[in-house]
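Text of the file coords.txt, holding compact mmCIF, C-alpha atoms and all ligand atoms:
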```
# COMPACT_ATOMS: atom_id res chain seq x y z
CA MET D 1 19.60 25.80 -112.58
CA LYS D 2 16.41 27.33 -113.92
CA SER D 3 18.22 30.29 -115.47
CA SER D 4 20.70 28.61 -117.80
CA MET D 5 20.00 26.65 -120.94
CA LYS D 6 22.28 24.27 -122.85
CA ILE D 7 22.17 24.49 -126.65
CA ARG D 8 23.77 21.82 -128.83
CA LYS D 9 24.88 23.02 -132.26
CA LYS D 10 27.32 21.29 -134.64
CA GLY D 11 28.66 19.12 -131.85
CA MET D 12 29.32 22.09 -129.54
CA VAL D 13 27.48 22.68 -126.30
CA ARG D 14 26.88 26.29 -125.32
CA THR D 15 25.49 27.44 -122.00
CA MET D 16 23.14 30.35 -122.42
CA ILE D 17 21.93 32.81 -119.79
CA TYR D 18 18.17 32.34 -120.00
CA ALA D 19 16.51 35.72 -119.37
CA ASP D 20 13.19 35.17 -121.15
CA ASN D 21 11.06 33.77 -118.35
CA ALA D 22 8.02 35.80 -119.41
CA ALA D 23 7.94 33.71 -122.61
CA THR D 24 8.26 30.42 -120.79
CA THR D 25 10.14 28.96 -117.83
CA LYS D 26 12.21 25.89 -117.27
CA MET D 27 10.32 23.20 -115.38
CA SER D 28 11.34 22.81 -111.77
CA ARG D 29 12.61 19.44 -110.51
CA THR D 30 9.64 19.36 -108.12
CA ALA D 31 7.19 19.72 -111.03
CA ILE D 32 8.89 17.00 -113.09
CA ASP D 33 8.99 14.63 -110.13
CA ALA D 34 5.30 15.25 -109.48
CA MET D 35 4.47 14.29 -113.08
CA LEU D 36 6.41 11.06 -113.49
CA PRO D 37 4.19 8.80 -111.35
CA TYR D 38 1.22 9.82 -113.51
CA MET D 39 2.99 8.53 -116.62
CA GLU D 40 4.63 5.45 -115.15
CA GLU D 41 2.26 4.14 -112.48
CA ILE D 42 -1.04 5.93 -112.02
CA TRP D 43 -1.97 6.34 -115.66
CA GLY D 44 -5.61 5.33 -115.41
CA ASN D 45 -8.44 7.51 -116.65
CA PRO D 46 -9.93 9.52 -113.76
CA SER D 47 -13.41 8.87 -115.19
CA SER D 48 -13.01 5.08 -114.83
CA LEU D 49 -14.78 3.55 -111.87
CA TYR D 50 -12.28 0.79 -111.05
CA GLU D 51 -9.57 1.31 -108.49
CA ALA D 52 -6.83 2.33 -110.98
CA GLY D 53 -9.06 5.09 -112.34
CA GLN D 54 -10.16 6.23 -108.93
CA ARG D 55 -6.56 6.65 -107.80
CA ALA D 56 -6.18 9.17 -110.63
CA ALA D 57 -9.50 10.81 -109.74
CA GLU D 58 -8.32 11.32 -106.16
CA ALA D 59 -5.06 12.86 -107.36
CA LEU D 60 -7.02 15.12 -109.70
CA GLN D 61 -9.20 16.33 -106.86
CA SER D 62 -6.19 16.96 -104.66
CA ALA D 63 -4.45 18.96 -107.43
CA ARG D 64 -7.60 21.01 -107.89
CA GLU D 65 -7.75 21.76 -104.16
CA ARG D 66 -4.07 22.69 -103.95
CA ILE D 67 -4.29 25.03 -106.95
CA ALA D 68 -7.46 26.61 -105.56
CA GLY D 69 -5.69 27.05 -102.21
CA CYS D 70 -2.88 29.04 -103.83
CA ILE D 71 -5.33 31.72 -105.04
CA HIS D 72 -7.82 31.44 -102.13
CA ALA D 73 -10.57 29.85 -104.22
CA THR D 74 -12.44 26.57 -103.70
CA SER D 75 -11.81 23.46 -105.80
CA GLN D 76 -15.26 23.68 -107.47
CA GLU D 77 -14.20 27.04 -108.90
CA ILE D 78 -11.16 25.69 -110.82
CA TYR D 79 -11.53 24.49 -114.44
CA PHE D 80 -8.48 22.98 -116.13
CA THR D 81 -7.72 24.22 -119.65
CA SER D 82 -4.95 23.75 -122.22
CA GLY D 83 -3.29 26.93 -121.00
CA GLY D 84 -3.66 30.66 -120.49
CA SER D 85 -5.01 31.33 -123.98
CA GLU D 86 -7.87 28.87 -123.63
CA ALA D 87 -8.74 30.19 -120.16
CA ASP D 88 -8.88 33.77 -121.53
CA ASN D 89 -11.06 32.65 -124.44
CA GLN D 90 -13.46 30.72 -122.22
CA ALA D 91 -13.79 33.50 -119.62
CA ILE D 92 -14.55 36.17 -122.20
CA ILE D 93 -16.91 34.07 -124.33
CA SER D 94 -18.78 32.95 -121.20
CA ALA D 95 -19.27 36.52 -119.98
CA ALA D 96 -20.43 37.58 -123.44
CA ARG D 97 -23.04 34.78 -123.55
CA ILE D 98 -24.28 35.69 -120.07
CA GLY D 99 -24.47 39.36 -121.10
CA GLU D 100 -26.34 38.93 -124.33
CA ARG D 101 -29.12 37.00 -122.57
CA SER D 102 -30.10 40.31 -120.98
CA GLY D 103 -29.19 42.50 -123.94
CA LYS D 104 -25.82 43.60 -122.54
CA ARG D 105 -23.23 43.77 -125.29
CA HIS D 106 -20.64 46.27 -124.06
CA ILE D 107 -17.21 45.00 -122.98
CA ILE D 108 -14.41 47.00 -121.36
CA SER D 109 -10.78 45.98 -121.72
CA SER D 110 -7.46 47.70 -122.38
CA ALA D 111 -5.25 48.37 -125.37
CA PHE D 112 -2.30 46.37 -124.03
CA GLU D 113 -3.89 43.00 -123.25
CA HIS D 114 -2.42 39.73 -124.49
CA HIS D 115 -3.58 38.68 -127.95
CA ALA D 116 -5.55 35.79 -126.42
CA VAL D 117 -7.81 38.50 -124.99
CA LEU D 118 -7.66 41.04 -127.83
CA HIS D 119 -8.34 38.53 -130.61
CA THR D 120 -11.26 36.98 -128.69
CA LEU D 121 -12.72 40.47 -128.30
CA LYS D 122 -12.27 41.07 -132.04
CA ARG D 123 -14.33 37.98 -132.73
CA LEU D 124 -17.09 39.23 -130.43
CA GLU D 125 -17.02 42.60 -132.17
CA LYS D 126 -17.83 40.84 -135.43
CA GLU D 127 -20.83 39.34 -133.64
CA GLY D 128 -22.06 42.82 -132.73
CA PHE D 129 -20.51 43.37 -129.31
CA GLU D 130 -19.13 46.83 -128.59
CA VAL D 131 -15.59 46.63 -127.23
CA GLU D 132 -14.09 49.64 -125.49
CA LEU D 133 -10.31 49.52 -124.95
CA LEU D 134 -9.17 51.80 -122.16
CA ASP D 135 -6.10 53.95 -122.76
CA VAL D 136 -3.00 52.85 -120.92
CA HIS D 137 -1.09 55.56 -119.06
CA GLY D 138 2.50 56.27 -120.09
CA ASN D 139 3.73 54.30 -117.07
CA GLY D 140 1.86 51.21 -118.19
CA MET D 141 -0.99 51.52 -115.70
CA ILE D 142 -4.79 51.37 -115.86
CA TYR D 143 -6.56 53.04 -112.95
CA PRO D 144 -9.91 52.11 -111.32
CA GLU D 145 -11.36 55.56 -112.08
CA GLN D 146 -11.00 54.83 -115.81
CA VAL D 147 -12.99 51.63 -115.37
CA ALA D 148 -15.66 53.36 -113.23
CA GLU D 149 -16.12 56.02 -115.90
CA ALA D 150 -16.40 53.52 -118.73
CA ILE D 151 -18.96 51.15 -117.15
CA ARG D 152 -22.47 51.53 -118.61
CA GLU D 153 -25.89 49.97 -118.05
CA ASP D 154 -25.17 47.48 -120.83
CA THR D 155 -21.62 46.50 -119.79
CA CYS D 156 -21.38 42.72 -119.41
CA LEU D 157 -17.64 42.33 -118.75
CA VAL D 158 -14.50 44.13 -117.66
CA THR D 159 -11.33 42.23 -118.57
CA ILE D 160 -8.04 43.81 -117.48
CA MET D 161 -4.77 41.93 -117.12
CA TYR D 162 -3.17 41.49 -113.69
CA ALA D 163 0.34 42.22 -114.93
CA ASN D 164 1.53 43.05 -118.43
CA ASN D 165 3.68 40.40 -120.11
CA GLU D 166 5.94 42.88 -121.91
CA ILE D 167 6.56 45.87 -119.66
CA GLY D 168 5.75 44.15 -116.36
CA SER D 169 3.42 46.78 -114.90
CA VAL D 170 1.06 45.42 -112.22
CA MET D 171 -2.49 46.80 -112.16
CA PRO D 172 -4.47 47.85 -109.04
CA ILE D 173 -6.59 44.71 -109.47
CA SER D 174 -8.33 44.77 -106.12
CA GLU D 175 -9.57 48.35 -106.67
CA ILE D 176 -10.64 47.64 -110.25
CA GLY D 177 -12.43 44.53 -108.96
CA ALA D 178 -14.21 46.59 -106.30
CA VAL D 179 -15.50 49.05 -108.92
CA CYS D 180 -16.91 46.16 -110.97
CA ARG D 181 -18.40 44.40 -107.94
CA ASN D 182 -20.16 47.61 -106.84
CA LYS D 183 -21.66 48.10 -110.27
CA GLY D 184 -22.59 44.43 -110.69
CA VAL D 185 -20.34 43.84 -113.71
CA LEU D 186 -18.34 40.61 -114.19
CA PHE D 187 -14.58 41.10 -113.80
CA HIS D 188 -12.02 38.82 -115.47
CA THR D 189 -8.26 39.18 -115.18
CA ASP D 190 -5.54 37.49 -117.22
CA ALA D 191 -3.17 36.66 -114.36
CA VAL D 192 -0.82 34.50 -116.43
CA GLN D 193 2.21 36.69 -115.62
CA ALA D 194 1.19 37.16 -112.00
CA ALA D 195 0.34 33.66 -110.79
CA GLY D 196 3.21 32.12 -108.89
CA HIS D 197 5.02 35.48 -108.82
CA LEU D 198 2.63 37.70 -106.85
CA ALA D 199 0.34 36.69 -103.97
CA ILE D 200 -3.19 36.38 -105.41
CA ASN D 201 -6.39 36.30 -103.39
CA VAL D 202 -9.48 36.13 -105.66
CA GLU D 203 -11.78 36.68 -102.67
CA GLU D 204 -10.14 39.84 -101.30
CA GLU D 205 -9.36 41.20 -104.75
CA ASN D 206 -12.96 41.00 -105.99
CA ILE D 207 -12.06 38.80 -108.96
CA ASP D 208 -14.86 36.86 -110.70
CA MET D 209 -12.73 35.03 -113.27
CA LEU D 210 -8.97 34.58 -113.56
CA SER D 211 -6.68 32.83 -116.07
CA LEU D 212 -3.41 31.13 -115.26
CA SER D 213 -0.86 29.04 -117.13
CA ALA D 214 1.60 26.51 -115.67
CA HIS D 215 4.54 27.12 -118.02
CA LYS D 216 4.96 30.67 -116.71
CA PHE D 217 5.73 29.42 -113.19
CA HIS D 218 8.09 26.48 -113.85
CA GLY D 219 5.32 23.99 -114.63
CA PRO D 220 4.66 22.14 -117.89
CA LYS D 221 3.38 23.69 -121.14
CA GLY D 222 -0.10 23.02 -122.45
CA ILE D 223 -1.90 23.21 -119.11
CA GLY D 224 -3.63 26.08 -117.36
CA ALA D 225 -6.73 26.86 -115.40
CA LEU D 226 -9.68 29.18 -115.36
CA TYR D 227 -10.97 30.24 -111.97
CA ALA D 228 -14.67 31.12 -112.18
CA ARG D 229 -16.45 32.23 -109.02
CA LYS D 230 -19.21 29.89 -107.84
CA GLY D 231 -22.48 30.54 -109.70
CA ILE D 232 -20.95 31.91 -112.92
CA PRO D 233 -22.22 29.69 -115.75
CA LEU D 234 -19.39 28.94 -118.18
CA THR D 235 -19.84 28.33 -121.89
CA ASN D 236 -18.03 25.32 -123.36
CA LEU D 237 -15.36 25.87 -125.96
CA ILE D 238 -14.92 22.11 -126.24
CA GLU D 239 -17.92 19.79 -126.09
CA GLY D 240 -17.43 16.23 -124.93
CA GLY D 241 -17.64 14.26 -121.74
CA ALA D 242 -18.50 15.33 -118.23
CA GLN D 243 -14.96 16.39 -117.34
CA GLU D 244 -14.55 19.76 -115.59
CA ARG D 245 -18.17 19.59 -114.43
CA GLY D 246 -19.28 19.39 -118.06
CA LYS D 247 -17.60 22.67 -119.03
CA ARG D 248 -14.56 21.31 -120.87
CA GLY D 249 -14.64 17.92 -122.57
CA GLY D 250 -11.56 15.73 -122.93
CA THR D 251 -9.69 13.26 -120.72
CA GLU D 252 -7.74 15.23 -118.16
CA ASN D 253 -4.01 15.74 -118.80
CA MET D 254 -3.08 14.14 -115.48
CA PRO D 255 0.74 14.43 -115.60
CA ALA D 256 0.50 18.11 -116.57
CA ILE D 257 -2.13 18.85 -113.94
CA MET D 258 0.01 17.24 -111.23
CA GLY D 259 3.05 19.19 -112.48
CA MET D 260 1.09 22.42 -112.43
CA ALA D 261 -0.15 21.90 -108.87
CA ALA D 262 3.38 21.14 -107.64
CA ALA D 263 4.90 24.11 -109.49
CA LEU D 264 2.30 26.58 -108.24
CA GLU D 265 2.61 25.39 -104.65
CA GLU D 266 6.39 25.60 -104.84
CA SER D 267 6.31 29.10 -106.34
CA CYS D 268 3.76 30.38 -103.85
CA ALA D 269 5.61 28.92 -100.87
CA ASN D 270 8.77 30.77 -101.96
CA ILE D 271 7.23 34.02 -103.14
CA ASP D 272 8.82 36.23 -100.44
CA VAL D 273 12.35 34.88 -100.92
CA TYR D 274 12.10 34.94 -104.73
CA THR D 275 10.62 38.44 -104.80
CA GLU D 276 13.41 39.83 -102.66
CA ARG D 277 16.09 38.21 -104.83
CA LEU D 278 14.43 39.10 -108.15
CA CYS D 279 13.82 42.74 -107.23
CA ARG D 280 17.47 43.15 -106.26
CA MET D 281 18.68 41.75 -109.62
CA ARG D 282 15.99 43.58 -111.58
CA ASN D 283 16.85 46.94 -110.03
CA ARG D 284 20.54 46.42 -110.64
CA LEU D 285 19.83 45.73 -114.34
CA LEU D 286 17.37 48.62 -114.73
CA GLU D 287 19.80 50.98 -113.08
CA GLY D 288 22.80 49.78 -115.10
CA LEU D 289 21.11 49.56 -118.49
CA SER D 290 19.29 52.88 -118.22
CA ARG D 291 22.73 54.53 -118.10
CA ILE D 292 23.03 53.72 -121.80
CA PRO D 293 22.54 57.12 -123.49
CA HIS D 294 19.27 57.69 -125.40
CA SER D 295 17.42 54.90 -123.64
CA THR D 296 14.27 54.72 -121.56
CA VAL D 297 12.75 52.25 -119.10
CA ASN D 298 9.21 51.10 -119.90
CA GLY D 299 6.57 50.34 -117.28
CA ASP D 300 6.00 51.55 -113.75
CA MET D 301 8.92 51.49 -111.33
CA GLN D 302 6.86 50.73 -108.20
CA ASN D 303 4.09 48.50 -109.53
CA ARG D 304 6.30 46.11 -111.43
CA LEU D 305 6.74 42.35 -111.73
CA PRO D 306 9.78 41.37 -109.63
CA GLY D 307 11.65 39.86 -112.60
CA ASN D 308 10.81 42.34 -115.38
CA VAL D 309 13.41 44.55 -117.06
CA HIS D 310 12.18 46.43 -120.14
CA LEU D 311 13.87 49.26 -121.99
CA CYS D 312 13.91 50.95 -125.38
CA PHE D 313 17.16 52.03 -127.01
CA GLU D 314 17.00 54.69 -129.68
CA GLY D 315 18.60 53.92 -133.03
CA ILE D 316 18.46 50.11 -132.99
CA GLU D 317 16.09 47.30 -133.97
CA GLY D 318 15.02 45.07 -131.09
CA GLU D 319 15.19 41.99 -133.33
CA SER D 320 18.81 42.70 -134.30
CA LEU D 321 19.69 43.23 -130.66
CA LEU D 322 18.20 39.96 -129.52
CA LEU D 323 19.92 38.01 -132.30
CA LEU D 324 23.23 39.60 -131.34
CA LEU D 325 22.58 38.79 -127.68
CA ASP D 326 21.79 35.21 -128.69
CA ASP D 327 25.21 35.07 -130.33
CA ARG D 328 26.79 36.45 -127.12
CA GLY D 329 25.10 33.86 -124.90
CA ILE D 330 21.96 35.61 -123.67
CA CYS D 331 18.36 34.57 -124.41
CA ALA D 332 16.23 37.73 -124.31
CA SER D 333 13.21 39.11 -126.12
CA SER D 334 12.19 42.28 -127.87
CA GLY D 335 8.76 42.01 -126.28
CA SER D 336 6.09 39.41 -126.58
CA ALA D 337 6.94 36.03 -128.07
CA CYS D 338 3.64 36.08 -129.91
CA THR D 339 4.57 39.02 -132.12
CA SER D 340 8.18 38.12 -132.87
CA GLY D 341 8.45 37.28 -136.50
CA SER D 342 6.21 40.19 -137.46
CA LEU D 343 7.73 43.57 -138.21
CA ASP D 344 5.03 45.63 -136.52
CA PRO D 345 6.18 47.29 -133.33
CA SER D 346 4.66 45.95 -130.12
CA HIS D 347 1.04 47.01 -129.53
CA VAL D 348 1.94 47.38 -125.85
CA LEU D 349 4.64 49.99 -126.50
CA LEU D 350 2.37 51.88 -128.88
CA ALA D 351 -0.36 51.77 -126.21
CA ILE D 352 1.92 53.52 -123.69
CA GLY D 353 2.68 56.18 -126.27
CA ARG D 354 6.12 55.23 -127.53
CA PRO D 355 6.67 56.46 -131.10
CA HIS D 356 7.14 53.70 -133.71
CA GLU D 357 10.86 54.36 -134.04
CA ILE D 358 11.45 53.97 -130.30
CA ALA D 359 9.06 51.02 -129.96
CA HIS D 360 11.17 49.12 -132.50
CA GLY D 361 14.25 49.29 -130.27
CA SER D 362 12.92 47.32 -127.32
CA LEU D 363 14.54 44.77 -125.04
CA ARG D 364 12.82 42.63 -122.42
CA LEU D 365 14.82 40.63 -119.90
CA SER D 366 12.62 38.52 -117.64
CA LEU D 367 14.49 36.88 -114.80
CA SER D 368 14.09 33.78 -112.70
CA ALA D 369 15.08 33.65 -109.05
CA ASP D 370 18.20 31.57 -109.49
CA HIS D 371 20.31 33.77 -111.72
CA THR D 372 23.78 34.24 -110.27
CA GLU D 373 25.43 37.59 -109.60
CA GLU D 374 27.90 36.70 -112.37
CA GLU D 375 25.09 36.26 -114.88
CA ILE D 376 23.66 39.68 -114.01
CA GLU D 377 27.11 41.27 -114.36
CA GLU D 378 27.59 39.48 -117.70
CA ILE D 379 24.29 40.93 -118.98
CA LEU D 380 25.40 44.38 -117.79
CA ARG D 381 28.65 43.96 -119.73
CA VAL D 382 27.21 42.49 -122.95
CA VAL D 383 24.07 44.58 -123.55
CA PRO D 384 25.71 48.06 -123.69
CA GLU D 385 28.39 46.65 -126.02
CA ALA D 386 25.76 45.14 -128.30
CA VAL D 387 23.73 48.37 -128.37
CA ASP D 388 26.88 50.32 -129.26
CA TYR D 389 27.81 47.85 -131.98
CA LEU D 390 24.39 48.06 -133.65
CA ARG D 391 24.22 51.83 -133.38
CA ASN D 392 27.61 52.20 -135.04
CA MET D 393 26.36 50.23 -138.03
CA SER D 394 23.22 52.32 -138.45
CA PRO D 395 23.07 55.19 -140.98
CA LEU D 396 20.16 56.65 -139.01
CA TRP D 397 22.35 56.78 -135.92
CA LYS D 398 25.12 58.56 -137.82
CA ASP D 399 22.58 61.21 -138.85
CA LYS D 400 21.61 61.70 -135.22
CA ILE D 401 25.15 61.88 -133.93
CA SER D 402 26.07 64.43 -136.60
CA GLY D 403 23.02 66.54 -135.80
CA ARG D 404 21.25 66.00 -139.15
CA ARG D 405 18.41 64.36 -137.21
CA GLU D 406 16.94 64.97 -133.77
CA PHE D 407 17.27 62.50 -130.92
CA LEU D 408 13.89 61.41 -129.57
CA LEU D 409 15.21 60.20 -126.21
CA PRO D 410 17.55 62.19 -123.93
C1 LIG D 501 1.78 33.47 -121.93
C2 LIG D 501 0.58 34.31 -121.75
C3 LIG D 501 -0.69 33.87 -122.17
C4 LIG D 501 -0.88 32.59 -122.93
O1 LIG D 501 -0.70 31.46 -122.11
P1 LIG D 501 -0.49 30.03 -122.84
O2 LIG D 501 -0.53 29.05 -121.70
O3 LIG D 501 0.84 30.09 -123.49
O4 LIG D 501 -1.62 29.85 -123.77
C5 LIG D 501 -1.78 34.69 -121.93
N1 LIG D 501 -1.64 35.86 -121.31
C6 LIG D 501 -0.45 36.32 -120.87
C7 LIG D 501 -0.37 37.62 -120.16
C8 LIG D 501 0.70 35.57 -121.08
O5 LIG D 501 1.88 36.03 -120.67
```
Take the structure in the file and write it out as structure tokens.
Ligand SMILES: *Cc1c(COP(=O)(O)O)cnc(C)c1O
Amino acid sequence: MKSSMKIRKKGMVRTMIYADNAATTKMSRTAIDAMLPYMEEIWGNPSSLYEAGQRAAEALQSARERIAGCIHATSQEIYFTSGGSEADNQAIISAARIGERSGKRHIISSAFEHHAVLHTLKRLEKEGFEVELLDVHGNGMIYPEQVAEAIREDTCLVTIMYANNEIGSVMPISEIGAVCRNKGVLFHTDAVQAAGHLAINVEEENIDMLSLSAHKFHGPKGIGALYARKGIPLTNLIEGGAQERGKRGGTENMPAIMGMAAALEESCANIDVYTERLCRMRNRLLEGLSRIPHSTVNGDMQNRLPGNVHLCFEGIEGESLLLLLDDRGICASSGSACTSGSLDPSHVLLAIGRPHEIAHGSLRLSLSADHTEEEIEEILRVVPEAVDYLRNMSPLWKDKISGRREFLLP
């Protein structure tokens, strides 16, 4: 099962319902089986010229072709990286270096990107680039008209995520890509949440660069890829040997690459079945949990990742809720894994206009296709109880119930 997790604590084994697949996923059996031969048998270096190395080189080439095939690219357009973050960094830095050669230093992005994008843009700002973050609509969407309006003569890059990792909204990528293509501006998309979950076609969707990460689609951690359309000169983040056509030094992580290729192929082959199943469970959860009084669903209802459930509950702290859920057997998240531990509310929820107080009370459940009906019903039983429990302990909530303070959500 990909959706349950065993935790050993003080000699006891607990089985948890794992509903945090946007943070990471359990590796599939297919992915693990695809990796083992590259640790046990074919462990040569693909750069070595003798037979044992060349066996690895052939496998590497086949993995590259299979991954390219899943997004309708060619194998020469795939560059392996250490994950989604590195792919985002390399795409953005490369576009910036291309831009500055012709004096173009304006970059368009959005306020709710992943920190791998936002922090890379911050670094470029310090170098003198001008970064314009588009406003996100209340439903979690960015529209092509916004991009068209923002593009200038000196724009060197538009980088807009394919699907948001917190609230699950899916952008009109093909239309945004078309706007950029027409105006001759490079278009990168962080597709880490989309790859393996939505059908991607870089050709038809006018995408110049795209980031993906294996551990978000039941592959191993620490491996990802950057797709860069033929002819786009990449800038190295890591200097070294001639690996990745000289654009990323370091001996290839063969087991991880083979695991990633297997996981992506498996996910893409099953996309229709998984989507149908996930949407059914997702809608049941959204419908059931939004009945909790003084709550709101975040993100767009139509353009939404199949497995994403995201709500805010007034009068509670998301962190308290997820710790309580942990105690009751459910692994969930208050938003992005990267900001947990900090007390600031999620930049994504602020970007869609949620007030601080509401943004603090967030819950994200991100599903995998093999949850059982019983697990979904268990979540529907436990979450409202936990919300009630926390609200009853809160002085702020007592003020609201007694009318001394206004409710912000109906
Ligand atoms: C997880 C994630 C990343 C980072 O990927 P890593 O492989 O963990 O570096 C980047 N962007 C989005 C949208 C993500 O969800």
> Quick one, how far is atom CA of Met209 of chain D from atom CA of Ile352 of chain D?
Replying inline: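 Straight-line distance from atom CA of Met209 of chain D to atom CA of Ile352 of chain D works out to 25.8 Å.
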> Of the residues D:Asp190, D:Glu130, D:Glu149, D:Asp135, which is the one nearest to ligand LIG 501 (chain D), using all atoms listed in the file?
Replying inline: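 Once distances to ligand LIG 501 (chain D) are computed over all atoms listed in the file, the minimum belongs to D:Asp190.
Here atom CA of Arg248 of chain D is placed at a distance of 5.9 Å from atom CA of Asn236 of chain D.
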> Neighbours of segment 160-163 of chain D within 10 Å (all atoms listed in the file; same-chain residues fewer than 2 positions away dropped), as a ChimeraX atom specification?
Replying inline: /D:108-114,117,133-134,140-142,147,157-158,165-174,176-177,187-195,198,200,210-211,303-305
>> I'd like the contact shell of segment 270-284 of chain D - 10 Å cut-off, all atoms listed in the file, skipping same-chain residues fewer than 2 positions apart - returned as a ChimeraX atom specification.
In response: /D:196-199,264-268,286-289,301,304-310,365-373,375-377,380
Subset file: segment 287-332 of chain D, C-alpha atoms, as a PDB file, in the first residue's frame:
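Saved as decode16.pdb:
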```pdb
ATOM      1  CA  GLU D 287     -17.596  18.011   0.419  1.00  0.00           C
ATOM      2  CA  GLY D 288     -17.531  16.414   3.872  1.00  0.00           C
ATOM      3  CA  LEU D 289     -14.936  18.673   5.469  1.00  0.00           C
ATOM      4  CA  SER D 290     -16.379  21.914   4.099  1.00  0.00           C
ATOM      5  CA  ARG D 291     -19.507  21.150   6.145  1.00  0.00           C
ATOM      6  CA  ILE D 292     -17.474  22.045   9.235  1.00  0.00           C
ATOM      7  CA  PRO D 293     -18.835  25.474  10.233  1.00  0.00           C
ATOM      8  CA  HIS D 294     -16.575  28.508   9.680  1.00  0.00           C
ATOM      9  CA  SER D 295     -14.358  26.764   7.163  1.00  0.00           C
ATOM     10  CA  THR D 296     -13.400  27.448   3.569  1.00  0.00           C
ATOM     11  CA  VAL D 297     -11.904  25.435   0.712  1.00  0.00           C
ATOM     12  CA  ASN D 298      -8.769  26.910  -0.869  1.00  0.00           C
ATOM     13  CA  GLY D 299      -7.921  26.656  -4.561  1.00  0.00           C
ATOM     14  CA  ASP D 300     -10.012  26.271  -7.686  1.00  0.00           C
ATOM     15  CA  MET D 301     -12.665  23.558  -7.744  1.00  0.00           C
ATOM     16  CA  GLN D 302     -12.373  22.769 -11.474  1.00  0.00           C
ATOM     17  CA  ASN D 303      -8.672  23.288 -12.152  1.00  0.00           C
ATOM     18  CA  ARG D 304      -7.381  21.215  -9.285  1.00  0.00           C
ATOM     19  CA  LEU D 305      -4.848  18.431  -8.764  1.00  0.00           C
ATOM     20  CA  PRO D 306      -6.777  15.146  -8.500  1.00  0.00           C
ATOM     21  CA  GLY D 307      -5.449  14.361  -5.004  1.00  0.00           C
ATOM     22  CA  ASN D 308      -5.495  17.805  -3.373  1.00  0.00           C
ATOM     23  CA  VAL D 309      -7.755  18.702  -0.443  1.00  0.00           C
ATOM     24  CA  HIS D 310      -7.033  22.069   1.187  1.00  0.00           C
ATOM     25  CA  LEU D 311      -9.145  23.974   3.678  1.00  0.00           C
ATOM     26  CA  CYS D 312      -8.860  26.647   6.344  1.00  0.00           C
ATOM     27  CA  PHE D 313     -10.712  26.346   9.643  1.00  0.00           C
ATOM     28  CA  GLU D 314     -11.315  29.507  11.619  1.00  0.00           C
ATOM     29  CA  GLY D 315     -10.181  29.561  15.235  1.00  0.00           C
ATOM     30  CA  ILE D 316      -7.443  26.917  15.138  1.00  0.00           C
ATOM     31  CA  GLU D 317      -3.711  26.650  14.432  1.00  0.00           C
ATOM     32  CA  GLY D 318      -2.824  24.379  11.527  1.00  0.00           C
ATOM     33  CA  GLU D 319       0.237  23.080  13.387  1.00  0.00           C
ATOM     34  CA  SER D 320      -1.845  22.031  16.408  1.00  0.00           C
ATOM     35  CA  LEU D 321      -4.318  20.330  14.108  1.00  0.00           C
ATOM     36  CA  LEU D 322      -1.694  18.305  12.303  1.00  0.00           C
ATOM     37  CA  LEU D 323      -0.055  17.208  15.558  1.00  0.00           C
ATOM     38  CA  LEU D 324      -3.439  16.107  16.860  1.00  0.00           C
ATOM     39  CA  LEU D 325      -4.124  14.264  13.603  1.00  0.00           C
ATOM     40  CA  ASP D 326      -0.714  12.603  13.913  1.00  0.00           C
ATOM     41  CA  ASP D 327      -1.804  11.353  17.326  1.00  0.00           C
ATOM     42  CA  ARG D 328      -5.066  10.055  15.805  1.00  0.00           C
ATOM     43  CA  GLY D 329      -3.286   8.155  13.022  1.00  0.00           C
ATOM     44  CA  ILE D 330      -3.317  10.579  10.097  1.00  0.00           C
ATOM     45  CA  CYS D 331      -0.252  12.138   8.424  1.00  0.00           C
ATOM     46  CA  ALA D 332      -1.332  15.504   7.005  1.00  0.00           C
TER      47      ALA D 332
END
```
